[in-house]
Each structure stands twice: as structure tokens, then as C-alpha cells.
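A.B. asks: Supplied structure: query-v1.pdb, PDB, C-alpha atoms.
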```
ATOM      1  CA  MET A   1       6.181 117.950 283.588
ATOM      2  CA  PRO A   2       9.155 116.391 285.377
ATOM      3  CA  ASP A   3      11.020 118.449 287.951
ATOM      4  CA  MET A   4      14.088 119.872 286.153
ATOM      5  CA  THR A   5      15.618 121.403 289.283
ATOM      6  CA  PRO A   6      19.198 120.106 289.672
ATOM      7  CA  PRO A   7      19.514 117.579 292.528
ATOM      8  CA  TRP A   8      21.980 119.780 294.418
ATOM      9  CA  GLU A   9      19.303 122.477 294.726
ATOM     10  CA  GLN A  10      16.865 120.194 296.536
ATOM     11  CA  GLY A  11      16.439 118.359 299.817
ATOM     12  CA  VAL A  12      18.986 117.854 302.573
ATOM     13  CA  PHE A  13      21.911 118.694 300.334
ATOM     14  CA  ALA A  14      20.453 122.082 299.397
ATOM     15  CA  ALA A  15      20.031 122.919 303.100
ATOM     16  CA  LEU A  16      23.618 121.928 303.854
ATOM     17  CA  LYS A  17      24.891 123.912 300.889
ATOM     18  CA  ALA A  18      22.916 127.020 301.896
ATOM     19  CA  GLU A  19      24.342 126.810 305.412
ATOM     20  CA  ASN A  20      27.898 126.704 304.015
ATOM     21  CA  LEU A  21      27.445 128.861 300.920
ATOM     22  CA  ALA A  22      30.680 130.873 301.125
ATOM     23  CA  ASP A  23      32.747 127.676 301.326
ATOM     24  CA  TRP A  24      30.686 126.134 298.528
ATOM     25  CA  ARG A  25      31.319 129.057 296.206
ATOM     26  CA  ALA A  26      35.040 129.010 297.019
ATOM     27  CA  TYR A  27      35.038 125.339 295.986
ATOM     28  CA  THR A  28      32.903 125.419 292.839
ATOM     29  CA  ASP A  29      34.289 128.722 291.495
ATOM     30  CA  HIS A  30      37.932 128.105 292.390
ATOM     31  CA  ALA A  31      40.718 129.379 290.103
ATOM     32  CA  PHE A  32      41.492 125.746 289.218
ATOM     33  CA  VAL A  33      37.890 125.234 288.087
ATOM     34  CA  ARG A  34      37.917 128.426 286.028
ATOM     35  CA  GLY A  35      41.140 127.270 284.369
ATOM     36  CA  LEU A  36      39.482 123.986 283.427
ATOM     37  CA  GLY A  37      36.508 125.842 282.021
ATOM     38  CA  ASP A  38      38.426 128.172 279.710
ATOM     39  CA  GLY A  39      41.256 125.727 278.974
ATOM     40  CA  THR A  40      43.991 127.945 280.448
ATOM     41  CA  LEU A  41      44.938 125.658 283.341
ATOM     42  CA  PRO A  42      48.614 124.667 282.891
ATOM     43  CA  GLU A  43      49.002 121.027 281.911
ATOM     44  CA  ALA A  44      51.452 120.456 284.775
ATOM     45  CA  CYS A  45      48.761 121.498 287.266
ATOM     46  CA  PHE A  46      46.149 119.253 285.695
ATOM     47  CA  ARG A  47      48.540 116.312 285.574
ATOM     48  CA  HIS A  48      49.476 116.757 289.245
ATOM     49  CA  TYR A  49      45.811 117.033 290.205
ATOM     50  CA  LEU A  50      44.750 114.052 288.125
ATOM     51  CA  VAL A  51      47.302 111.656 289.636
ATOM     52  CA  GLN A  52      46.360 112.803 293.138
ATOM     53  CA  ASP A  53      42.670 112.490 292.291
ATOM     54  CA  TYR A  54      43.281 108.938 291.136
ATOM     55  CA  LEU A  55      44.676 108.150 294.594
ATOM     56  CA  PHE A  56      41.787 110.072 296.123
ATOM     57  CA  LEU A  57      39.258 107.883 294.305
ATOM     58  CA  ILE A  58      40.850 104.756 295.733
ATOM     59  CA  HIS A  59      40.097 105.992 299.240
ATOM     60  CA  PHE A  60      36.655 107.253 298.280
ATOM     61  CA  SER A  61      35.878 103.799 296.924
ATOM     62  CA  ARG A  62      36.818 102.450 300.352
ATOM     63  CA  ALA A  63      34.483 105.014 301.910
ATOM     64  CA  TYR A  64      31.584 103.748 299.815
ATOM     65  CA  ALA A  65      32.502 100.195 300.763
ATOM     66  CA  LEU A  66      32.216 101.395 304.369
ATOM     67  CA  ALA A  67      28.808 102.840 303.473
ATOM     68  CA  VAL A  68      27.714  99.344 302.442
ATOM     69  CA  TYR A  69      28.726  98.077 305.876
ATOM     70  CA  LYS A  70      27.016 100.993 307.649
ATOM     71  CA  SER A  71      23.746 100.599 305.740
ATOM     72  CA  ASP A  72      20.592  99.363 307.424
ATOM     73  CA  SER A  73      18.772  98.331 304.252
ATOM     74  CA  LEU A  74      19.491  96.420 301.072
ATOM     75  CA  GLU A  75      18.465  99.505 299.096
ATOM     76  CA  ASP A  76      21.201 101.576 300.719
ATOM     77  CA  MET A  77      23.715  98.751 300.376
ATOM     78  CA  ARG A  78      22.999  98.495 296.667
ATOM     79  CA  GLN A  79      23.200 102.268 296.191
ATOM     80  CA  ALA A  80      26.562 102.512 297.943
ATOM     81  CA  ALA A  81      27.862  99.528 295.988
ATOM     82  CA  ALA A  82      26.706 101.088 292.706
ATOM     83  CA  THR A  83      28.523 104.333 293.491
ATOM     84  CA  MET A  84      31.667 102.418 294.416
ATOM     85  CA  ASP A  85      31.442 100.580 291.087
ATOM     86  CA  ALA A  86      31.094 103.888 289.215
ATOM     87  CA  LEU A  87      34.220 105.201 290.951
ATOM     88  CA  LEU A  88      36.324 102.100 290.409
ATOM     89  CA  ASN A  89      35.258 101.178 286.892
ATOM     90  CA  GLU A  90      34.204 104.441 285.244
ATOM     91  CA  GLU A  91      35.598 107.596 286.853
ATOM     92  CA  MET A  92      39.059 106.120 287.461
ATOM     93  CA  GLN A  93      39.181 105.038 283.809
ATOM     94  CA  LEU A  94      39.005 108.701 282.780
ATOM     95  CA  HIS A  95      42.122 109.344 284.829
ATOM     96  CA  LEU A  96      43.919 106.369 283.334
ATOM     97  CA  ARG A  97      43.110 107.453 279.768
ATOM     98  CA  TYR A  98      44.403 110.960 280.379
ATOM     99  CA  CYS A  99      47.569 109.797 282.104
ATOM    100  CA  ALA A 100      48.326 107.271 279.380
ATOM    101  CA  GLN A 101      48.864 110.289 277.100
ATOM    102  CA  TRP A 102      51.790 111.260 279.323
ATOM    103  CA  GLY A 103      53.221 107.741 279.469
ATOM    104  CA  LEU A 104      52.041 107.155 283.030
ATOM    105  CA  THR A 105      50.912 103.640 283.864
ATOM    106  CA  GLU A 106      48.377 102.679 286.500
ATOM    107  CA  ALA A 107      51.133 101.040 288.561
ATOM    108  CA  GLU A 108      53.186 104.255 288.519
ATOM    109  CA  MET A 109      50.176 106.327 289.542
ATOM    110  CA  ALA A 110      49.359 103.976 292.408
ATOM    111  CA  GLN A 111      52.912 104.349 293.731
ATOM    112  CA  THR A 112      52.833 108.165 293.753
ATOM    113  CA  GLU A 113      53.120 109.758 297.195
ATOM    114  CA  GLU A 114      49.884 111.274 298.415
ATOM    115  CA  ALA A 115      49.908 115.037 298.826
ATOM    116  CA  SER A 116      49.026 116.402 302.238
ATOM    117  CA  GLY A 117      45.756 117.873 300.951
ATOM    118  CA  ASN A 118      44.784 114.455 299.659
ATOM    119  CA  LEU A 119      45.663 112.751 302.937
ATOM    120  CA  ALA A 120      43.693 115.300 304.948
ATOM    121  CA  TYR A 121      40.548 115.009 302.875
ATOM    122  CA  THR A 122      40.327 111.265 302.398
ATOM    123  CA  ARG A 123      41.117 110.441 306.018
ATOM    124  CA  PHE A 124      38.597 113.002 307.213
ATOM    125  CA  VAL A 125      35.862 111.281 305.226
ATOM    126  CA  LEU A 126      36.853 107.806 306.365
ATOM    127  CA  ASP A 127      36.987 108.975 309.982
ATOM    128  CA  ALA A 128      33.523 110.526 309.652
ATOM    129  CA  GLY A 129      32.216 107.143 308.585
ATOM    130  CA  LEU A 130      34.120 105.089 311.109
ATOM    131  CA  SER A 131      33.214 107.282 314.074
ATOM    132  CA  GLY A 132      29.636 108.054 312.985
ATOM    133  CA  ASP A 133      26.761 106.407 311.177
ATOM    134  CA  LEU A 134      25.740 106.245 307.525
ATOM    135  CA  LEU A 135      24.271 109.757 307.599
ATOM    136  CA  ASP A 136      27.556 111.211 308.866
ATOM    137  CA  LEU A 137      29.439 109.399 306.120
ATOM    138  CA  LEU A 138      27.072 110.416 303.312
ATOM    139  CA  THR A 139      27.251 114.034 304.481
ATOM    140  CA  ALA A 140      31.049 113.959 304.313
ATOM    141  CA  LEU A 141      30.933 112.388 300.842
ATOM    142  CA  ALA A 142      28.291 114.725 299.403
ATOM    143  CA  PRO A 143      30.443 117.777 298.515
ATOM    144  CA  CYS A 144      32.628 115.694 296.237
ATOM    145  CA  VAL A 145      29.972 113.791 294.327
ATOM    146  CA  ALA A 146      27.568 116.721 293.981
ATOM    147  CA  GLY A 147      30.175 119.431 293.496
ATOM    148  CA  TYR A 148      31.738 117.735 290.493
ATOM    149  CA  GLY A 149      28.310 117.307 288.956
ATOM    150  CA  GLU A 150      27.467 120.973 289.450
ATOM    151  CA  ILE A 151      30.864 122.100 288.153
ATOM    152  CA  GLY A 152      30.710 119.813 285.118
ATOM    153  CA  LEU A 153      27.299 121.075 284.005
ATOM    154  CA  ARG A 154      28.224 124.716 284.511
ATOM    155  CA  LEU A 155      31.501 124.468 282.603
ATOM    156  CA  ALA A 156      29.830 122.566 279.770
ATOM    157  CA  SER A 157      27.123 125.227 279.427
ATOM    158  CA  GLN A 158      29.614 128.100 279.652
ATOM    159  CA  GLY A 159      31.955 126.557 277.106
ATOM    160  CA  GLY A 160      29.391 126.372 274.315
ATOM    161  CA  ALA A 161      30.927 125.753 270.912
ATOM    162  CA  ASP A 162      34.371 126.660 272.277
ATOM    163  CA  ILE A 163      34.488 123.473 274.340
ATOM    164  CA  ALA A 164      35.591 121.535 271.246
ATOM    165  CA  GLY A 165      39.016 123.158 271.494
ATOM    166  CA  ASN A 166      39.341 122.883 275.261
ATOM    167  CA  PRO A 167      42.098 120.416 276.267
ATOM    168  CA  TYR A 168      39.963 119.480 279.292
ATOM    169  CA  ARG A 169      36.866 118.762 277.242
ATOM    170  CA  ASN A 170      36.775 115.062 278.196
ATOM    171  CA  TRP A 171      36.959 115.930 281.904
ATOM    172  CA  ILE A 172      34.141 118.462 281.607
ATOM    173  CA  GLU A 173      31.926 116.220 279.497
ATOM    174  CA  THR A 174      32.425 113.268 281.843
ATOM    175  CA  TYR A 175      31.068 115.180 284.833
ATOM    176  CA  ALA A 176      28.380 116.940 282.794
ATOM    177  CA  GLY A 177      27.285 113.693 281.163
ATOM    178  CA  ASP A 178      24.166 111.705 281.906
ATOM    179  CA  GLY A 179      26.131 108.849 283.460
ATOM    180  CA  TYR A 180      27.742 110.967 286.158
ATOM    181  CA  GLN A 181      24.647 113.102 286.651
ATOM    182  CA  SER A 182      22.659 109.958 287.423
ATOM    183  CA  VAL A 183      25.263 109.087 290.070
ATOM    184  CA  VAL A 184      24.749 112.533 291.661
ATOM    185  CA  THR A 185      20.977 112.199 291.648
ATOM    186  CA  ALA A 186      21.050 108.736 293.198
ATOM    187  CA  ALA A 187      23.588 109.755 295.858
ATOM    188  CA  LEU A 188      21.581 112.789 296.960
ATOM    189  CA  GLU A 189      18.326 110.838 296.945
ATOM    190  CA  GLN A 190      20.034 108.374 299.261
ATOM    191  CA  LEU A 191      21.156 111.246 301.521
ATOM    192  CA  ASP A 192      17.528 112.416 301.751
ATOM    193  CA  ARG A 193      16.264 108.902 302.392
ATOM    194  CA  VAL A 194      18.773 108.144 305.132
ATOM    195  CA  ALA A 195      18.259 111.527 306.791
ATOM    196  CA  SER A 196      14.497 110.975 306.823
ATOM    197  CA  ALA A 197      14.860 107.489 308.278
ATOM    198  CA  ARG A 198      17.284 108.531 311.008
ATOM    199  CA  ILE A 199      15.971 111.985 311.857
ATOM    200  CA  GLY A 200      12.569 112.510 310.239
ATOM    201  CA  GLY A 201      10.841 115.856 309.940
ATOM    202  CA  ASP A 202      12.835 119.051 309.455
ATOM    203  CA  ILE A 203      16.533 118.160 309.523
ATOM    204  CA  CYS A 204      17.479 121.796 310.126
ATOM    205  CA  ARG A 205      15.628 121.689 313.454
ATOM    206  CA  SER A 206      17.071 118.373 314.564
ATOM    207  CA  GLY A 207      19.681 117.921 317.237
ATOM    208  CA  ARG A 208      22.093 116.595 314.628
ATOM    209  CA  TRP A 209      21.910 119.534 312.250
ATOM    210  CA  LYS A 210      24.816 121.485 313.722
ATOM    211  CA  SER A 211      27.114 118.461 313.585
ATOM    212  CA  LEU A 212      26.089 117.503 310.036
ATOM    213  CA  SER A 213      26.533 121.066 308.798
ATOM    214  CA  LYS A 214      29.973 121.203 310.406
ATOM    215  CA  THR A 215      30.971 117.971 308.653
ATOM    216  CA  PHE A 216      29.693 119.253 305.311
ATOM    217  CA  GLY A 217      31.515 122.562 305.717
ATOM    218  CA  ALA A 218      34.788 120.870 306.629
ATOM    219  CA  ALA A 219      34.562 118.518 303.629
ATOM    220  CA  THR A 220      33.842 121.472 301.332
ATOM    221  CA  ARG A 221      36.863 123.376 302.623
ATOM    222  CA  LEU A 222      38.975 120.276 302.061
ATOM    223  CA  GLU A 223      37.764 120.311 298.450
ATOM    224  CA  VAL A 224      39.063 123.878 298.211
ATOM    225  CA  GLY A 225      42.363 122.635 299.598
ATOM    226  CA  PHE A 226      42.431 119.912 296.955
ATOM    227  CA  TRP A 227      42.117 122.512 294.175
ATOM    228  CA  ASP A 228      44.830 124.573 295.892
ATOM    229  CA  MET A 229      47.038 121.501 295.803
ATOM    230  CA  GLY A 230      46.325 121.125 292.092
ATOM    231  CA  LEU A 231      47.700 124.608 291.461
ATOM    232  CA  SER A 232      50.959 123.646 293.204
ATOM    233  CA  PRO A 233      52.411 120.863 291.029
ATOM    234  CA  ASN A 234      55.982 121.305 292.204
ATOM    235  CA  HIS A 235      55.455 120.187 295.788
ATOM    236  CA  ALA A 236      53.461 117.589 297.646
ATOM    237  CA  GLY A 237      51.366 120.040 299.689
TER     238      GLY A 237
END
```
Please rewrite the model in this file as C-alpha cells.
C.D. replies:
Amino acid sequence: MPDMTPPWEQGVFAALKAENLADWRAYTDHAFVRGLGDGTLPEACFRHYLVQDYLFLIHFSRAYALAVYKSDSLEDMRQAAATMDALLNEEMQLHLRYCAQWGLTEAEMAQTEEASGNLAYTRFVLDAGLSGDLLDLLTALAPCVAGYGEIGLRLASQGGADIAGNPYRNWIETYAGDGYQSVVTAALEQLDRVASARIGGDICRSGRWKSLSKTFGAATRLEVGFWDMGLSPNHAG
């Protein structure tokens, strides 16, 4: 039988998550996430978050373009390019469809000022890639790509039949869906592959483990800050 263990419970990612479990739980079980799951999140909060997340995805697409440049193999170049394509041409379309309901155009969204939490997170990831190698960059990117996959599946399973009436159903089903889940699986397989090629053996015993865990933890806390920002729609912080 095929292994049905979720990708975020295996390999390098699982070790990083276990090392930063308190931060991970604060991220994946945030009040913003719970509000999405039961449909009680105020629309103003979701709208503020969604516009900022649209800007966020622009910078994350740049980070995956950087991953292409940092790659040593065609396999890794193609994987990074595929993830960038999914961000630019699939995930961002979800945001555009939602915002069209509120009369917001793509041009208006692109001109929105970035909130401080958005600036902090995206520049942290880009700096991790610019100052380090592909493994550093993939570690900084991992909490976002895997966390949304984990959150989407959990909220979809918790919602049951009630999800039909949830105003955030499309958001939940996008991240719980096979398309996004395949992105998560491929991204974490790449993390394992790159870690094995650059470190080999037990990553937790390597000289780079402390630094990689620190990067992962910081990125996870910045995800928490992004949800915090979403709950504060009346200011840019």
C-alpha cells in the first residue's frame, strides 16, 4: 500500500517542525485560521489579509526564481520553476477572484502599500536565499508552502458538511485540494533531496542543523505575524 503519511510529517521538514513545534502550533492553530475554519472571521480581516497575501506571493515568486538560479541540477531548476508557475498562475488567481467580488482590480491590489509584517517576512526569505545556498532558501520557504497545505486539509476535514455554507470555502478547498497538495509534496521532496546532496546522513547531527532550524523557526514566527496582521485590517502593521 502507498504511504499515506502527510508530507509534512516526514523527512527533513518533520525534523524542523518538531524542533520548532510551539511556533508551528501558534502558526497553524492561530485565531485567524480558526476563524477561516468556522467561517466567523470578519470579512474586513480576510480582505486585508488577501490583498497583502497577493503582494506576498509576488515576492515569493521572486524567491522561487532565485531558487532556480541557486539550483545545481536541472531537476531542482524545474521544480523551483514549477512552484513559481503555481504561485503566479494558480494561487494568485484565487486572490484575484475573491477580490473581484469587492470591486478590486489587480492593478489596485498591486499598488497597495505593503504592511510591515509582509515586508518583514518576504525580505527575510529573500535574504536567506541571497546570503545562503539553495538549502537555506528552501528551509525559509518551507513553512509557508507546507503550512498552508496542512491547514487546508485540517480545516476541510473539520468543516464536514458545514463547509458548504462557509464564506471561505474556496480558500479552504484550494489549499486542501489535490493541486496544492501536490505542490507541497514536490516542494518537501525537493527539500529532502537538496539536504541529502549538500549534507548527507543525519541532518540533525550536521553542523548546519542549528542554523537551518533557526531559519525555519524565524520563518514560522513571521507566518504568525502575518496572521496577526490579518486580524488588524485598520492599520498597515
A.B. asks: Taking (46.8, 116.3, 285.9) in the file's own coordinates, collect the residues within 12 Å, counting all atoms listed in the file, and hand them back as a PyMOL selection string.
C.D. replies: chain A and resi 32+36+41-54+94-102+104+109+167-168+171+227+229-233
A.B. asks: With distances taken over all atoms listed in the file, which residue among A:Ala186, A:Asp202, A:Asp38, A:Gln111 lies nearest Arg169 (chain A)?
C.D. replies: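 Once distances to Arg169 (chain A) are computed over all atoms listed in the file, the minimum belongs to A:Asp38.
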A.B. asks: Run the PyMOL selection byres ((chain A and resi 64) around 9) against the file shown and list the residues it catches, as a tab-separated table (two decimals) with C-alpha atoms, in the frame of the given file.
C.D. replies:
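The resulting file, selection-v1.tsv, is shown below:
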```tsv
chain	number	residue	atom	x	y	z
A	59	HIS	CA	40.10	105.99	299.24
A	60	PHE	CA	36.66	107.25	298.28
A	61	SER	CA	35.88	103.80	296.92
A	62	ARG	CA	36.82	102.45	300.35
A	63	ALA	CA	34.48	105.01	301.91
A	65	ALA	CA	32.50	100.20	300.76
A	66	LEU	CA	32.22	101.40	304.37
A	67	ALA	CA	28.81	102.84	303.47
A	68	VAL	CA	27.71	99.34	302.44
A	69	TYR	CA	28.73	98.08	305.88
A	80	ALA	CA	26.56	102.51	297.94
A	81	ALA	CA	27.86	99.53	295.99
A	83	THR	CA	28.52	104.33	293.49
A	84	MET	CA	31.67	102.42	294.42
A	137	LEU	CA	29.44	109.40	306.12
A	138	LEU	CA	27.07	110.42	303.31
A	141	LEU	CA	30.93	112.39	300.84
```
A.B. asks: What gap, in Å, lies between CA of Val184 (chain A) and CA of Glu91 (chain A)?
C.D. replies: 12.9 Å
A.B. asks: Evaluate the PyMOL selection byres ((chain A and resi 224) around 12) on the structure here and hand back the selected residues as an MDAnalysis selection string.
C.D. replies: chainID A and resid 22:33 117:118 120:121 143:144 147 217:223 225:231
A.B. asks: Give me the residues near Thr139 (chain A) as a PyMOL selection string, where near means some atom within 12 Å (using all atoms listed in the file) and where sequence neighbours in that chain fewer than 2 positions away do not count.
C.D. replies: chain A and resi 12-17+63+67+124-126+128-129+132-137+141-146+187-188+190-192+194-195+208-209+211-220
A.B. asks: Please report the interatomic distance between CA of Ile163 (chain A) and CA of Leu21 (chain A) in Å with one decimal.
C.D. replies: 28.0 Å
